[in-house]
file data_37.pdb (PDB, C-alpha atoms, pLDDT in the B column)
ATOM      1  CA  MET A1411     -24.550   4.674 193.021  1.00 47.00           C
ATOM      2  CA  THR A1412     -22.750   2.242 190.733  1.00 53.00           C
ATOM      3  CA  GLY A1413     -23.516  -1.023 189.029  1.00 62.00           C
ATOM      4  CA  GLY A1414     -25.135  -1.976 185.736  1.00 80.00           C
ATOM      5  CA  ARG A1415     -24.074   0.420 183.022  1.00 85.00           C
ATOM      6  CA  TYR A1416     -21.716   2.303 185.369  1.00 95.00           C
ATOM      7  CA  PRO A1417     -19.870  -0.286 187.487  1.00 95.00           C
ATOM      8  CA  LEU A1418     -16.862   1.915 188.319  1.00 95.00           C
ATOM      9  CA  HIS A1419     -16.778   5.020 190.499  1.00 97.00           C
ATOM     10  CA  HIS A1420     -14.462   7.799 191.550  1.00 97.00           C
ATOM     11  CA  ARG A1421     -15.013  10.995 193.486  1.00 97.00           C
ATOM     12  CA  SER A1422     -12.955  13.931 194.638  1.00 97.00           C
ATOM     13  CA  HIS A1423     -13.839  16.523 197.245  1.00 97.00           C
ATOM     14  CA  VAL A1424     -12.669  19.934 198.329  1.00 96.00           C
ATOM     15  CA  ASP A1425     -13.781  22.498 200.882  1.00 95.00           C
ATOM     16  CA  VAL A1426     -14.414  25.902 199.353  1.00 95.00           C
ATOM     17  CA  ALA A1427     -14.658  29.254 201.118  1.00 93.00           C
ATOM     18  CA  ILE A1428     -17.937  30.274 199.492  1.00 94.00           C
ATOM     19  CA  ASP A1429     -21.619  29.719 200.166  1.00 95.00           C
ATOM     20  CA  ALA A1430     -23.469  26.897 198.368  1.00 96.00           C
ATOM     21  CA  HIS A1431     -25.578  29.187 196.149  1.00 95.00           C
ATOM     22  CA  SER A1432     -22.523  31.039 194.795  1.00 94.00           C
ATOM     23  CA  LEU A1433     -20.578  27.797 194.288  1.00 95.00           C
ATOM     24  CA  PHE A1434     -23.484  26.214 192.414  1.00 96.00           C
ATOM     25  CA  ALA A1435     -23.791  29.300 190.180  1.00 94.00           C
ATOM     26  CA  HIS A1436     -20.080  29.029 189.359  1.00 92.00           C
ATOM     27  CA  LEU A1437     -20.272  25.291 188.572  1.00 94.00           C
ATOM     28  CA  ASP A1438     -23.541  25.545 186.632  1.00 94.00           C
ATOM     29  CA  ASP A1439     -21.552  26.961 183.693  1.00 87.00           C
ATOM     30  CA  HIS A1440     -20.568  23.708 181.969  1.00 81.00           C
ATOM     31  CA  ARG A1441     -17.864  25.336 179.854  1.00 75.00           C
ATOM     32  CA  ARG A1442     -16.205  26.545 183.064  1.00 76.00           C
ATOM     33  CA  LEU A1443     -16.631  23.155 184.726  1.00 75.00           C
ATOM     34  CA  ALA A1444     -15.094  21.280 181.765  1.00 71.00           C
ATOM     35  CA  ALA A1445     -12.379  23.881 181.077  1.00 63.00           C
ATOM     36  CA  HIS A1446      -9.638  21.365 181.968  1.00 57.00           C
ATOM     37  CA  MET A1447     -10.529  19.477 178.764  1.00 58.00           C
ATOM     38  CA  GLU A1448      -9.673  22.552 176.680  1.00 57.00           C
ATOM     39  CA  LYS A1449      -6.149  22.819 178.124  1.00 59.00           C
ATOM     40  CA  ARG A1450      -3.164  20.754 177.025  1.00 52.00           C
ATOM     41  CA  SER A1451      -2.135  18.200 179.621  1.00 52.00           C
ATOM     42  CA  LEU A1452      -0.204  14.971 179.944  1.00 51.00           C
ATOM     43  CA  MET A1453      -3.455  13.150 180.762  1.00 52.00           C
ATOM     44  CA  MET A1454      -4.823  14.312 177.401  1.00 53.00           C
ATOM     45  CA  ALA A1455      -1.573  13.281 175.637  1.00 53.00           C
ATOM     46  CA  GLY A1456      -0.939  16.953 174.920  1.00 55.00           C
ATOM     47  CA  ALA A1457      -4.206  17.348 172.991  1.00 66.00           C
ATOM     48  CA  THR A1458      -7.223  19.509 173.750  1.00 68.00           C
ATOM     49  CA  MET A1459     -10.951  18.982 173.407  1.00 77.00           C
ATOM     50  CA  ARG A1460     -13.649  21.476 172.457  1.00 83.00           C
ATOM     51  CA  VAL A1461     -16.644  21.940 174.771  1.00 86.00           C
ATOM     52  CA  GLU A1462     -19.933  23.178 173.315  1.00 90.00           C
ATOM     53  CA  THR A1463     -23.361  23.627 174.873  1.00 91.00           C
ATOM     54  CA  ASP A1464     -26.828  24.017 173.420  1.00 95.00           C
ATOM     55  CA  ALA A1465     -28.853  27.222 173.825  1.00 95.00           C
ATOM     56  CA  LEU A1466     -29.781  26.123 177.373  1.00 93.00           C
ATOM     57  CA  LYS A1467     -26.036  26.208 178.268  1.00 91.00           C
ATOM     58  CA  GLY A1468     -26.196  22.998 180.294  1.00 92.00           C
ATOM     59  CA  GLN A1469     -28.275  24.799 182.915  1.00 95.00           C
ATOM     60  CA  THR A1470     -31.577  22.925 182.530  1.00 96.00           C
ATOM     61  CA  VAL A1471     -32.561  19.253 182.721  1.00 98.00           C
ATOM     62  CA  GLY A1472     -32.473  18.007 179.128  1.00 97.00           C
ATOM     63  CA  SER A1473     -29.773  20.454 178.031  1.00 97.00           C
ATOM     64  CA  VAL A1474     -27.077  18.898 175.829  1.00 96.00           C
ATOM     65  CA  MET A1475     -23.323  19.404 175.941  1.00 94.00           C
ATOM     66  CA  ARG A1476     -20.886  18.073 173.371  1.00 93.00           C
ATOM     67  CA  ILE A1477     -17.135  17.490 173.705  1.00 89.00           C
ATOM     68  CA  THR A1478     -15.074  16.808 170.581  1.00 88.00           C
ATOM     69  CA  GLY A1479     -11.411  16.539 169.749  1.00 86.00           C
ATOM     70  CA  ARG A1480      -8.571  14.420 168.500  1.00 80.00           C
ATOM     71  CA  VAL A1481      -6.184  12.576 170.816  1.00 75.00           C
ATOM     72  CA  LEU A1482      -3.306  10.410 169.608  1.00 73.00           C
ATOM     73  CA  GLY A1483      -4.706  10.648 166.078  1.00 78.00           C
ATOM     74  CA  VAL A1484      -8.137   9.348 167.110  1.00 78.00           C
ATOM     75  CA  ASP A1485     -11.290  11.470 166.680  1.00 86.00           C
ATOM     76  CA  LEU A1486     -13.195  11.568 169.962  1.00 86.00           C
ATOM     77  CA  MET A1487     -16.725  12.727 170.692  1.00 91.00           C
ATOM     78  CA  VAL A1488     -19.180  12.519 173.541  1.00 91.00           C
ATOM     79  CA  GLU A1489     -22.619  14.031 174.041  1.00 96.00           C
ATOM     80  CA  GLU A1490     -23.848  14.615 177.563  1.00 95.00           C
ATOM     81  CA  VAL A1491     -27.333  15.501 178.762  1.00 97.00           C
ATOM     82  CA  VAL A1492     -28.248  17.101 182.104  1.00 98.00           C
ATOM     83  CA  THR A1493     -30.399  14.599 184.003  1.00 98.00           C
ATOM     84  CA  GLU A1494     -30.735  16.308 187.386  1.00 98.00           C
ATOM     85  CA  ARG A1495     -30.333  19.893 188.560  1.00 98.00           C
ATOM     86  CA  VAL A1496     -31.238  20.862 192.126  1.00 98.00           C
ATOM     87  CA  PRO A1497     -29.693  24.255 192.969  1.00 97.00           C
ATOM     88  CA  PRO A1498     -27.713  24.750 195.154  1.00 97.00           C
ATOM     89  CA  LEU A1499     -27.170  21.098 196.122  1.00 98.00           C
ATOM     90  CA  ARG A1500     -26.473  18.903 193.089  1.00 98.00           C
ATOM     91  CA  LYS A1501     -26.302  18.484 189.361  1.00 98.00           C
ATOM     92  CA  THR A1502     -25.865  15.329 187.278  1.00 98.00           C
ATOM     93  CA  TRP A1503     -25.325  14.666 183.578  1.00 97.00           C
ATOM     94  CA  GLU A1504     -24.653  11.518 181.593  1.00 97.00           C
ATOM     95  CA  THR A1505     -23.571  10.385 178.205  1.00 96.00           C
ATOM     96  CA  ARG A1506     -26.107  10.077 175.425  1.00 96.00           C
ATOM     97  CA  GLY A1507     -25.579   7.404 172.805  1.00 92.00           C
ATOM     98  CA  GLU A1508     -22.267   5.578 172.533  1.00 89.00           C
ATOM     99  CA  PRO A1509     -19.345   7.877 173.377  1.00 91.00           C
ATOM    100  CA  ARG A1510     -16.198   7.716 171.244  1.00 87.00           C
ATOM    101  CA  LEU A1511     -13.568   7.985 173.966  1.00 85.00           C
ATOM    102  CA  LEU A1512     -10.252   6.268 174.634  1.00 81.00           C
ATOM    103  CA  VAL A1513     -10.080   5.326 178.310  1.00 84.00           C
ATOM    104  CA  ILE A1514     -13.636   5.362 179.640  1.00 90.00           C
ATOM    105  CA  GLY A1515     -16.968   4.376 178.157  1.00 92.00           C
ATOM    106  CA  ALA A1516     -20.434   5.640 179.001  1.00 95.00           C
ATOM    107  CA  TYR A1517     -20.641   7.622 182.231  1.00 95.00           C
ATOM    108  CA  ARG A1518     -22.766   9.564 184.659  1.00 98.00           C
ATOM    109  CA  MET A1519     -21.038  12.538 186.231  1.00 96.00           C
ATOM    110  CA  GLY A1520     -21.958  15.328 188.561  1.00 97.00           C
ATOM    111  CA  PHE A1521     -21.365  17.209 191.744  1.00 98.00           C
ATOM    112  CA  THR A1522     -22.929  17.644 195.149  1.00 98.00           C
ATOM    113  CA  ILE A1523     -22.542  20.628 197.436  1.00 98.00           C
ATOM    114  CA  SER A1524     -22.940  20.445 201.205  1.00 98.00           C
ATOM    115  CA  PRO A1525     -23.411  23.922 202.704  1.00 96.00           C
ATOM    116  CA  HIS A1526     -21.593  24.760 205.943  1.00 92.00           C
ATOM    117  CA  GLY A1527     -22.485  28.409 206.608  1.00 87.00           C
ATOM    118  CA  ASN A1528     -20.424  30.568 204.261  1.00 90.00           C
ATOM    119  CA  ARG A1529     -18.303  27.538 203.257  1.00 94.00           C
ATOM    120  CA  SER A1530     -19.175  24.504 201.155  1.00 96.00           C
ATOM    121  CA  ARG A1531     -17.955  20.976 200.634  1.00 97.00           C
ATOM    122  CA  LEU A1532     -17.854  20.132 196.917  1.00 97.00           C
ATOM    123  CA  VAL A1533     -17.847  16.493 195.794  1.00 98.00           C
ATOM    124  CA  VAL A1534     -17.338  15.794 192.086  1.00 97.00           C
ATOM    125  CA  PHE A1535     -18.079  12.211 191.034  1.00 98.00           C
ATOM    126  CA  ILE A1536     -18.070   9.965 188.007  1.00 97.00           C
ATOM    127  CA  ASP A1537     -19.765   6.576 187.634  1.00 98.00           C
ATOM    128  CA  TYR A1538     -18.482   4.933 184.465  1.00 96.00           C
ATOM    129  CA  GLY A1539     -17.986   1.832 182.415  1.00 93.00           C
ATOM    130  CA  LEU A1540     -15.186   0.729 180.144  1.00 89.00           C
ATOM    131  CA  PRO A1541     -15.393   0.958 176.373  1.00 85.00           C
ATOM    132  CA  PRO A1542     -17.068  -2.327 175.424  1.00 80.00           C
ATOM    133  CA  ARG A1543     -14.477  -3.568 172.907  1.00 78.00           C
ATOM    134  CA  GLY A1544     -11.378  -2.880 170.879  1.00 76.00           C
ATOM    135  CA  PHE A1545      -8.217  -0.986 171.664  1.00 75.00           C
ATOM    136  CA  GLY A1546     -10.094   1.469 173.913  1.00 74.00           C
ATOM    137  CA  HIS A1547     -11.127  -1.385 176.205  1.00 81.00           C
ATOM    138  CA  TRP A1548      -7.487  -2.345 176.782  1.00 81.00           C
ATOM    139  CA  LEU A1549      -6.430   1.281 177.250  1.00 81.00           C
ATOM    140  CA  ALA A1550      -9.244   1.694 179.763  1.00 84.00           C
ATOM    141  CA  LEU A1551      -7.994  -1.260 181.792  1.00 86.00           C
ATOM    142  CA  LEU A1552      -4.621   0.495 182.053  1.00 86.00           C
ATOM    143  CA  PHE A1553      -5.621   4.160 182.346  1.00 88.00           C
ATOM    144  CA  GLY A1554      -9.362   4.463 183.054  1.00 90.00           C
ATOM    145  CA  ARG A1555      -9.070   4.735 186.831  1.00 94.00           C
ATOM    146  CA  ALA A1556      -6.285   7.344 186.620  1.00 92.00           C
ATOM    147  CA  TYR A1557      -8.261   9.364 184.064  1.00 89.00           C
ATOM    148  CA  ALA A1558     -11.438   9.327 186.200  1.00 94.00           C
ATOM    149  CA  ALA A1559      -9.421  10.467 189.233  1.00 95.00           C
ATOM    150  CA  TRP A1560      -7.696  13.218 187.225  1.00 90.00           C
ATOM    151  CA  CYS A1561     -10.965  14.517 185.800  1.00 90.00           C
ATOM    152  CA  THR A1562     -12.868  14.699 189.090  1.00 95.00           C
ATOM    153  CA  ARG A1563      -9.852  16.131 190.914  1.00 94.00           C
ATOM    154  CA  ARG A1564      -9.348  18.827 188.250  1.00 91.00           C
ATOM    155  CA  MET A1565     -13.000  19.882 188.375  1.00 91.00           C
ATOM    156  CA  ALA A1566     -12.925  20.129 192.168  1.00 94.00           C
ATOM    157  CA  THR A1567      -9.551  21.864 192.507  1.00 92.00           C
ATOM    158  CA  ASP A1568     -10.163  24.190 189.539  1.00 89.00           C
ATOM    159  CA  ALA A1569     -13.411  25.347 191.172  1.00 90.00           C
ATOM    160  CA  ALA A1570     -11.675  25.957 194.497  1.00 91.00           C
ATOM    161  CA  ALA A1571      -8.829  27.828 192.799  1.00 88.00           C
ATOM    162  CA  ALA A1572     -11.221  30.007 190.759  1.00 86.00           C
ATOM    163  CA  ILE A1573     -13.182  30.874 193.897  1.00 85.00           C
ATOM    164  CA  ALA A1574      -9.969  31.718 195.772  1.00 79.00           C
ATOM    165  CA  VAL A1575      -8.781  33.968 192.928  1.00 69.00           C
ATOM    166  CA  GLY A1576     -12.178  35.683 192.779  1.00 63.00           C
ATOM    167  CA  ALA A1577     -12.130  36.268 196.535  1.00 52.00           C
ATOM    168  CA  ALA A1578      -8.602  37.724 196.336  1.00 41.00           C
ATOM    169  CA  SER A1579      -9.444  40.230 193.587  1.00 39.00           C
TER     170      SER A1579
END
call {"tool": "encode", "arguments": {"input": "data_37.pdb", "output": "structure tokens"}}
result
Amino acid sequence: MTGGRYPLHHRSHVDVAIDAHSLFAHLDDHRRLAAHMEKRSLMMAGATMRVETDALKGQTVGSVMRITGRVLGVDLMVEEVVTERVPPLRKTWETRGEPRLLVIGAYRMGFTISPHGNRSRLVVFIDYGLPPRGFGHWLALLFGRAYAAWCTRRMATDAAAAIAVGAAS
């Protein structure tokens, strides 16, 4: 669902060899889900971000997560709040306040899980807007779509890889 505050959309999907309840339990740990932000990457210009959660650990509607860091000499910060949590099918969170990010503005993000016996289809999505003004707006026009694709793809493929490693050990 896009439009209004979140006119842009991207989603990535992967099939995972695990039941929906176990996959949801794995993804319900927001630090695990956002772990790609804490690793150096070209998409992050070699920088890393720090992911923090409140005492509810992002596992309850109303729980708050915060991501902070410095990229290309610019201090970045975003607060997210869980807005929907329906185990084992879906979870959604969105930005609170005005995020200080470089290539996307406010967003709603989440995942859905479609159970298929002992397998699951995971879809990770982001609905987002561009930063409203300044240098970030122009960067977003150039890189926002690629960043949204990278982020959803990393969340989906990282989950599948973690599940595969866990099944192999």
call {"tool": "resolve_selection", "arguments": {"input": "data_37.pdb", "expression": "the PyMOL selection byres ((chain A and resi 1509) around 10)", "output": "PyMOL selection string"}}
result
chain A and resi 1477+1486-1490+1505-1508+1510-1512+1514-1517+1541
call {"tool": "atom_distance", "arguments": {"input": "data_37.pdb", "atom1": "CA of Tyr1538 (chain A)", "atom2": "CA of Arg1460 (chain A)"}}
result
21.0 Å
call {"tool": "atom_distance", "arguments": {"input": "data_37.pdb", "atom1": "CA of Leu1433 (chain A)", "atom2": "CA of Thr1567 (chain A)"}}
result
12.6 Å
call {"tool": "residues_around", "arguments": {"input": "data_37.pdb", "residues": "region 1560-1564 of chain A", "least_positions_apart": "6", "cutoff": "10 Å", "atoms": "only C-alpha atoms", "output": "number ranges by chain"}}
result
A: 1420-1424, 1443-1447, 1453, 1519-1521, 1533-1536, 1554, 1570
call {"tool": "atom_distance", "arguments": {"input": "data_37.pdb", "atom1": "CA of Thr1522 (chain A)", "atom2": "CA of Met1459 (chain A)"}}
result
24.9 Å
call {"tool": "closest_residue", "arguments": {"input": "data_37.pdb", "among": "A:Ala1571, A:Val1513, A:Ala1465, A:Ala1435", "to": "Ala1558 (chain A)", "atoms": "only C-alpha atoms"}}
result
A:Val1513
call {"tool": "resolve_selection", "arguments": {"input": "data_37.pdb", "expression": "the PyMOL selection byres ((chain A and resi 1526) around 12)", "output": "count of residues only"}}
result
17
call {"tool": "resolve_selection", "arguments": {"input": "data_37.pdb", "expression": "the PyMOL selection byres ((chain A and resi 1436-1439) around 10)", "output": "list in words"}}
result
Ala1430, His1431, Ser1432, Leu1433, Phe1434, Ala1435, His1440, Arg1441, Arg1442, Leu1443, Ala1444, Thr1463, Lys1467, Gly1468, Gln1469, Thr1470, Arg1495, Pro1497, Pro1498, Arg1500, Lys1501, Phe1521, Met1565, Ala1566, Ala1569, Ala1572 and Ile1573 of chain A
call {"tool": "closest_residue", "arguments": {"input": "data_37.pdb", "among": "A:His1419, A:Gly1479, A:Gly1414, A:Glu1504", "to": "Arg1555 (chain A)", "atoms": "all atoms listed in the file"}}
result
A:His1419
call {"tool": "axis_aligned_box", "arguments": {"input": "data_37.pdb", "around": "region 1481-1487 of chain A", "padding_each_side": "8 Å", "output": "lines of an AutoDock Vina configuration file"}}
result
center_x = -10.0
center_y = 11.0
center_z = 168.4
size_x = 29.4
size_y = 19.4
size_z = 20.7
call {"tool": "build_atoms", "arguments": {"input": "data_37.pdb", "residues": "region 1423-1446 of chain A", "atoms": "N, CA and C atoms", "output": "PDB file, in the frame of the given file"}}
result
ATOM      1  N   HIS A1423     -13.153  15.484 196.478  1.00 97.00           N
ATOM      2  CA  HIS A1423     -13.839  16.523 197.245  1.00 97.00           C
ATOM      3  C   HIS A1423     -12.857  17.617 197.639  1.00 97.00           C
ATOM      4  N   VAL A1424     -13.434  18.771 197.900  1.00 96.00           N
ATOM      5  CA  VAL A1424     -12.669  19.934 198.329  1.00 96.00           C
ATOM      6  C   VAL A1424     -13.596  20.828 199.139  1.00 96.00           C
ATOM      7  N   ASP A1425     -13.030  21.490 200.132  1.00 95.00           N
ATOM      8  CA  ASP A1425     -13.781  22.498 200.882  1.00 95.00           C
ATOM      9  C   ASP A1425     -13.484  23.853 200.266  1.00 95.00           C
ATOM     10  N   VAL A1426     -14.535  24.631 200.057  1.00 95.00           N
ATOM     11  CA  VAL A1426     -14.414  25.902 199.353  1.00 95.00           C
ATOM     12  C   VAL A1426     -14.972  27.016 200.235  1.00 95.00           C
ATOM     13  N   ALA A1427     -14.259  28.116 200.279  1.00 93.00           N
ATOM     14  CA  ALA A1427     -14.658  29.254 201.118  1.00 93.00           C
ATOM     15  C   ALA A1427     -15.676  30.132 200.393  1.00 93.00           C
ATOM     16  N   ILE A1428     -16.855  29.550 200.158  1.00 94.00           N
ATOM     17  CA  ILE A1428     -17.937  30.274 199.492  1.00 94.00           C
ATOM     18  C   ILE A1428     -19.250  29.572 199.839  1.00 94.00           C
ATOM     19  N   ASP A1429     -20.326  30.320 199.847  1.00 95.00           N
ATOM     20  CA  ASP A1429     -21.619  29.719 200.166  1.00 95.00           C
ATOM     21  C   ASP A1429     -22.092  28.814 199.018  1.00 95.00           C
ATOM     22  N   ALA A1430     -22.999  27.905 199.326  1.00 96.00           N
ATOM     23  CA  ALA A1430     -23.469  26.897 198.368  1.00 96.00           C
ATOM     24  C   ALA A1430     -24.116  27.516 197.137  1.00 96.00           C
ATOM     25  N   HIS A1431     -24.910  28.562 197.297  1.00 95.00           N
ATOM     26  CA  HIS A1431     -25.578  29.187 196.149  1.00 95.00           C
ATOM     27  C   HIS A1431     -24.563  29.764 195.166  1.00 95.00           C
ATOM     28  N   SER A1432     -23.544  30.452 195.674  1.00 94.00           N
ATOM     29  CA  SER A1432     -22.523  31.039 194.795  1.00 94.00           C
ATOM     30  C   SER A1432     -21.681  29.960 194.134  1.00 94.00           C
ATOM     31  N   LEU A1433     -21.355  28.895 194.869  1.00 95.00           N
ATOM     32  CA  LEU A1433     -20.578  27.797 194.288  1.00 95.00           C
ATOM     33  C   LEU A1433     -21.377  27.108 193.186  1.00 95.00           C
ATOM     34  N   PHE A1434     -22.657  26.847 193.445  1.00 96.00           N
ATOM     35  CA  PHE A1434     -23.484  26.214 192.414  1.00 96.00           C
ATOM     36  C   PHE A1434     -23.545  27.093 191.161  1.00 96.00           C
ATOM     37  N   ALA A1435     -23.730  28.383 191.329  1.00 94.00           N
ATOM     38  CA  ALA A1435     -23.791  29.300 190.180  1.00 94.00           C
ATOM     39  C   ALA A1435     -22.497  29.236 189.369  1.00 94.00           C
ATOM     40  N   HIS A1436     -21.371  29.141 190.051  1.00 92.00           N
ATOM     41  CA  HIS A1436     -20.080  29.029 189.359  1.00 92.00           C
ATOM     42  C   HIS A1436     -19.998  27.717 188.573  1.00 92.00           C
ATOM     43  N   LEU A1437     -20.389  26.613 189.197  1.00 94.00           N
ATOM     44  CA  LEU A1437     -20.272  25.291 188.572  1.00 94.00           C
ATOM     45  C   LEU A1437     -21.347  25.021 187.534  1.00 94.00           C
ATOM     46  N   ASP A1438     -22.434  25.768 187.562  1.00 94.00           N
ATOM     47  CA  ASP A1438     -23.541  25.545 186.632  1.00 94.00           C
ATOM     48  C   ASP A1438     -23.177  25.940 185.204  1.00 94.00           C
ATOM     49  N   ASP A1439     -22.066  26.628 185.020  1.00 87.00           N
ATOM     50  CA  ASP A1439     -21.552  26.961 183.693  1.00 87.00           C
ATOM     51  C   ASP A1439     -20.689  25.784 183.227  1.00 87.00           C
ATOM     52  N   HIS A1440     -21.239  24.946 182.357  1.00 81.00           N
ATOM     53  CA  HIS A1440     -20.568  23.708 181.969  1.00 81.00           C
ATOM     54  C   HIS A1440     -19.237  23.958 181.262  1.00 81.00           C
ATOM     55  N   ARG A1441     -19.143  25.028 180.520  1.00 75.00           N
ATOM     56  CA  ARG A1441     -17.864  25.336 179.854  1.00 75.00           C
ATOM     57  C   ARG A1441     -16.782  25.620 180.898  1.00 75.00           C
ATOM     58  N   ARG A1442     -17.157  26.277 181.976  1.00 76.00           N
ATOM     59  CA  ARG A1442     -16.205  26.545 183.064  1.00 76.00           C
ATOM     60  C   ARG A1442     -15.845  25.241 183.767  1.00 76.00           C
ATOM     61  N   LEU A1443     -16.844  24.418 184.023  1.00 75.00           N
ATOM     62  CA  LEU A1443     -16.631  23.155 184.726  1.00 75.00           C
ATOM     63  C   LEU A1443     -15.725  22.209 183.932  1.00 75.00           C
ATOM     64  N   ALA A1444     -15.873  22.187 182.617  1.00 71.00           N
ATOM     65  CA  ALA A1444     -15.094  21.280 181.765  1.00 71.00           C
ATOM     66  C   ALA A1444     -13.872  21.959 181.146  1.00 71.00           C
ATOM     67  N   ALA A1445     -13.491  23.114 181.663  1.00 63.00           N
ATOM     68  CA  ALA A1445     -12.379  23.881 181.077  1.00 63.00           C
ATOM     69  C   ALA A1445     -11.071  23.093 181.038  1.00 63.00           C
ATOM     70  N   HIS A1446     -10.875  22.156 181.969  1.00 57.00           N
ATOM     71  CA  HIS A1446      -9.638  21.365 181.968  1.00 57.00           C
ATOM     72  C   HIS A1446      -9.481  20.548 180.685  1.00 57.00           C
TER      73      HIS A1446
END
